[in-house]
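Accompanying notes for the structure given below.
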Amino acid sequence: MTRGLALAAIVVAVSACGESKPPQSPEHLELAKLCVDGGGEQPHCECQATKVDELLAAGEISPQIQRALILQAQGKEDEADAIMLSLPYDERFEHSSLVAARQLECETLN
């Protein structure tokens, strides 16, 4: 088997073992990119963005929280704060705490 065919066979075999994942959202990609641009390591940043995706999919946080995280990572603190202040009082703290707790799970990757 040629080297190229062997490599292709490995890629197919590995991809067949994993679950089919939906494409990542533009928000996921942006959050992960901003994290890397800020000095984070790719696996860690991907993990953190995935944790936010999981919370959103489960309905545990609102999309506004994700938007505020992106704005904050872009250095747009005032815009991020405005979003947070527009949320119901309990969501401001509960949702932020959920994100922080889940993203701490990514610390074990290092």
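Identifiers for the structure tokens are assigned positionally: chains receive A, B, ... in sequence, residues are indexed from 1 per chain, and ligands are indexed from 1 in the order shown.
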
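Using only C-alpha atoms, the protein and nucleic acid residues lying no more than 8 Å from stretch 26-40 of chain A, apart from those fewer than 4 places from it along its own chain, are A:His44, A:Cys45, A:Glu46, A:Gln48, A:Ala49, A:Thr50, A:Asp53, A:Gln66, A:Arg67, A:Leu69, A:Ile70, A:Ala73, A:Gln74.
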
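Minimum atom-to-atom distances from A:Gln24, A:Leu98, A:Arg92, A:Glu105 to A:Gly59 were compared using only C-alpha atoms, and the lowest value belongs to A:Leu98.
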
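As for atom CA of A:Ala68 and atom CA of A:Ala82, they are spaced 8.5 Å apart.
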
Practice task
Find the distance between atom CA of A:Ser62 and atom CA of A:Ser25 and write it in Å to one decimal.
Solution key: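 Atom CA of A:Ser62 sits 15.1 Å away from atom CA of A:Ser25.
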
Problem - Nearest candidate to A:Arg102 (options A:Gln42, A:Pro23, A:Ser86, A:Val52; using only C-alpha atoms) - result: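 The answer is A:Val52, which sits nearest to A:Arg102.
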
Practice task
Extract, using only C-alpha atoms, all DNA, RNA and protein residues at most 8 Å from A:Leu55, discarding same-chain residues fewer than 5 positions from it, and format them as a PyMOL selection string.
Solution key: chain A and resi 60-61+99
